[in-house]
Amino acid sequence: MNQARRGVRCGLDPRVDAVVPTTGIRDRELAAAISELKLVKDEWEIAQLQDAIDATVRGFEDVARVVPADRGVSERLIEGVFGLRARHDGNDVGYGSIVCAGPHATILCWKRNDGLTVPGQLLLMDMGIENNHLYTADVTRTLPVSGAFSPLQREVYDIVYASQQAGMEAIKPGVKVADVHLTCMRVLAEGLAELGVLRVSADEAMDPASMLYRRWTLHSFGHMLGIDVHDCAAARPDHYREGELSAGNVLTVEPGLYFQPEDDMVPAELRGVGIRLEDDILVTAEGAVNLSVGLPRRAEEVEAWLATQRDAGPRLP
């Protein structure tokens, strides 16, 4: 009976508050228990996530078809086009769409979406559709507005791609979540060293006493995904962030590099550039499956995909 009472929301009715203790301890215990039960998805849940992800792929295609190569369009237009697909093919967006033209990509969780795309710059979009059973996708792509990456943009993009690929290849049951993070970060640090951005070696930058690479990486490699975009967040650390992966986990892998517009430690061409790649990954007994494989990731494949979508022209859902 006491456990059942924890599902009642407090603070809405004084009569309920009088019967349900509000110390918060039991509430946190319940939240942790629910989060840990949600860590492993069953076949039905995986199907719901795939449904949400497939709709998200269609939404990214819709957006690519309306972003011209030779002039600017507003971030809010892109947000709106994706939102139309979300409301038509699902329940809604799973979270506020993050549409970042140019230097806005260096601001994590940019949601004002009041900028304009600029030919020659990059467009970072972090968006996901929530399906009718309320499971959500979470996908990020970074596109060259003009249709092709500049040599330096491509060099950075390839570092992020290599980091994401390494993280995905590291995923399998029994692997520590923290080790996937370190795998991704190691590739980013080595890439920053090769770019000449790091003032120390990759090994020195990865030392916990230094961690200089974090100046340009800003966030972890990813998070669990499910009925919430940051699913299972209340789980106890040893069951999640400090724990091991299990078959049936679904998580994002989303490394990125971000060079602030005023960062004088990087070449001028890199200032204001932000690149992130994010896919939704199912842990299986054999390793990992990319559920968002419907969107290309390699630089040359992204360029070809963008050209194909633009040639096809705008469409309604």
# chains A, B, ... in the order shown; residues from 1 in each chain; ligands from 1
call {"tool": "residues_around", "arguments": {"residues": "Leu84 (chain A)", "least_positions_apart": "5", "cutoff": "12 Å", "atoms": "only C-alpha atoms", "output": "JSON, numbers by chain"}}
result
{"A": [55, 56, 58, 59, 60, 62, 63, 77, 78, 79, 89, 90, 91, 92, 93, 129, 315, 316, 317]}
call {"tool": "residues_around", "arguments": {"residues": "Leu218 (chain A)", "least_positions_apart": "5", "cutoff": "8 Å", "atoms": "only C-alpha atoms", "output": "PyMOL selection string"}}
result
chain A and resi 256-258
call {"tool": "closest_atom_pairs", "arguments": {"of": "region 182-231 of chain A", "to": "region 100-115 of chain A", "cutoff": "12 Å", "atoms": "only C-alpha atoms", "output": "tab-separated table"}}
result
residue	atom	partner	partner_atom	distance
A:Arg215	CA	A:Thr106	CA	11.5
A:Trp216	CA	A:Thr106	CA	9.3
A:Thr217	CA	A:Thr106	CA	10.0
A:Leu218	CA	A:Leu108	CA	8.3
A:His219	CA	A:Leu108	CA	8.8
A:Ser220	CA	A:Leu108	CA	12.0
call {"tool": "residues_around", "arguments": {"residues": "region 159-169 of chain A", "least_positions_apart": "3", "cutoff": "8 Å", "atoms": "only C-alpha atoms", "output": "number ranges by chain"}}
result
A: 155-156, 180-181, 183-188, 191, 253-257, 275-278, 281, 287-288, 297-298
call {"tool": "residues_around", "arguments": {"residues": "region 241-252 of chain A", "least_positions_apart": "2", "cutoff": "9 Å", "atoms": "only C-alpha atoms", "output": "PyMOL selection string"}}
result
chain A and resi 38-43+46+49+138-139+171-178+221-226+231+235-239+254+278-288
call {"tool": "write_last_selection", "arguments": {"atoms": "C-alpha atoms", "output": "tab-separated table (two decimals), in the first residue's frame"}}
result
chain	number	residue	atom	x	y	z
A	38	LYS	CA	12.93	0.93	-18.11
A	39	LEU	CA	16.61	0.36	-18.90
A	40	VAL	CA	15.98	-2.84	-20.87
A	41	LYS	CA	13.44	-2.49	-23.66
A	42	ASP	CA	11.25	-5.38	-24.81
A	43	GLU	CA	10.37	-6.11	-28.45
A	46	ILE	CA	11.94	-1.39	-29.59
A	49	LEU	CA	11.30	3.45	-30.95
A	138	ASP	CA	16.75	11.67	-30.83
A	139	VAL	CA	18.88	12.26	-33.91
A	171	ILE	CA	29.02	-1.10	-27.56
A	172	LYS	CA	28.09	-4.61	-26.45
A	173	PRO	CA	26.70	-6.25	-23.32
A	174	GLY	CA	29.05	-6.04	-20.35
A	175	VAL	CA	30.88	-2.94	-21.56
A	176	LYS	CA	30.93	-0.09	-19.06
A	177	VAL	CA	29.00	3.01	-20.07
A	178	ALA	CA	31.98	5.11	-18.95
A	221	PHE	CA	28.88	10.68	-25.49
A	222	GLY	CA	25.14	10.05	-25.07
A	223	HIS	CA	22.25	8.86	-22.90
A	224	MET	CA	19.52	6.24	-22.64
A	225	LEU	CA	16.46	6.68	-24.85
A	226	GLY	CA	12.88	5.50	-24.60
A	231	ASP	CA	15.20	8.00	-20.36
A	235	ALA	CA	18.50	5.29	-12.13
A	236	ARG	CA	21.17	4.73	-9.50
A	237	PRO	CA	24.67	5.48	-10.88
A	238	ASP	CA	25.87	1.88	-10.58
A	239	HIS	CA	22.91	0.79	-12.72
A	254	GLU	CA	26.43	11.73	-30.05
A	278	GLU	CA	23.84	11.48	-33.10
A	279	ASP	CA	22.24	8.10	-33.70
A	280	ASP	CA	19.99	5.82	-31.70
A	281	ILE	CA	21.63	2.48	-30.88
A	282	LEU	CA	20.12	-0.81	-29.70
A	283	VAL	CA	22.39	-3.07	-27.66
A	284	THR	CA	22.03	-6.69	-28.74
A	285	ALA	CA	23.62	-9.93	-27.60
A	286	GLU	CA	26.03	-9.62	-30.55
A	287	GLY	CA	26.89	-5.93	-30.20
A	288	ALA	CA	24.94	-2.95	-31.45
call {"tool": "select_by_dssp", "arguments": {"residues": "region 55-265 of chain A", "states": "alpha helix (DSSP H)", "output": "PyMOL selection string"}}
result
chain A and resi 55-66+75-89+151-170+177-195+202-206+214-217
call {"tool": "closest_residue", "arguments": {"among": "A:Gly274, A:Gly94, A:Pro267, A:Pro119", "to": "Val229 (chain A)", "atoms": "only C-alpha atoms"}}
result
A:Gly94
call {"tool": "closest_residue", "arguments": {"among": "A:Glu130, A:Ala18, A:Leu30, A:Pro68", "to": "Ile227 (chain A)", "atoms": "only C-alpha atoms"}}
result
A:Glu130
call {"tool": "residues_around", "arguments": {"residues": "region 301-311 of chain A", "least_positions_apart": "4", "cutoff": "7 Å", "atoms": "only C-alpha atoms", "output": "list in words"}}
result
Glu61, Ala64, Arg65, Gly147, Ala148, Pro296 and Arg297 of chain A
call {"tool": "write_last_selection", "arguments": {"atoms": "N, CA and C atoms", "output": "compact mmCIF listing (two decimals), in the first residue's frame"}}
result
# COMPACT_ATOMS: atom_id res chain seq x y z
N GLU A 61 14.40 14.36 -44.02
CA GLU A 61 14.31 14.45 -45.48
C GLU A 61 13.47 15.67 -45.88
N ALA A 64 15.62 18.78 -45.49
CA ALA A 64 16.66 18.90 -46.51
C ALA A 64 16.10 19.40 -47.83
N ARG A 65 14.83 19.10 -48.09
CA ARG A 65 14.22 19.49 -49.36
C ARG A 65 13.87 20.97 -49.43
N GLY A 147 25.95 22.57 -49.82
CA GLY A 147 25.92 21.25 -50.44
C GLY A 147 27.20 20.45 -50.32
N ALA A 148 28.30 21.11 -49.98
CA ALA A 148 29.58 20.43 -49.84
C ALA A 148 30.36 21.04 -48.67
N PRO A 296 22.20 8.98 -43.64
CA PRO A 296 23.64 8.77 -43.84
C PRO A 296 24.47 9.54 -42.82
N ARG A 297 25.71 9.04 -42.64
CA ARG A 297 26.61 9.67 -41.67
C ARG A 297 27.92 10.11 -42.28
call {"tool": "closest_residue", "arguments": {"among": "A:Arg28, A:Phe259, A:His230, A:Thr140", "to": "Leu192 (chain A)", "atoms": "only C-alpha atoms"}}
result
A:Phe259
call {"tool": "atom_distance", "arguments": {"atom1": "CA of Trp44 (chain A)", "atom2": "CA of Leu134 (chain A)"}}
result
12.8 Å
call {"tool": "atom_distance", "arguments": {"atom1": "CA of Arg199 (chain A)", "atom2": "CA of Pro151 (chain A)"}}
result
22.3 Å
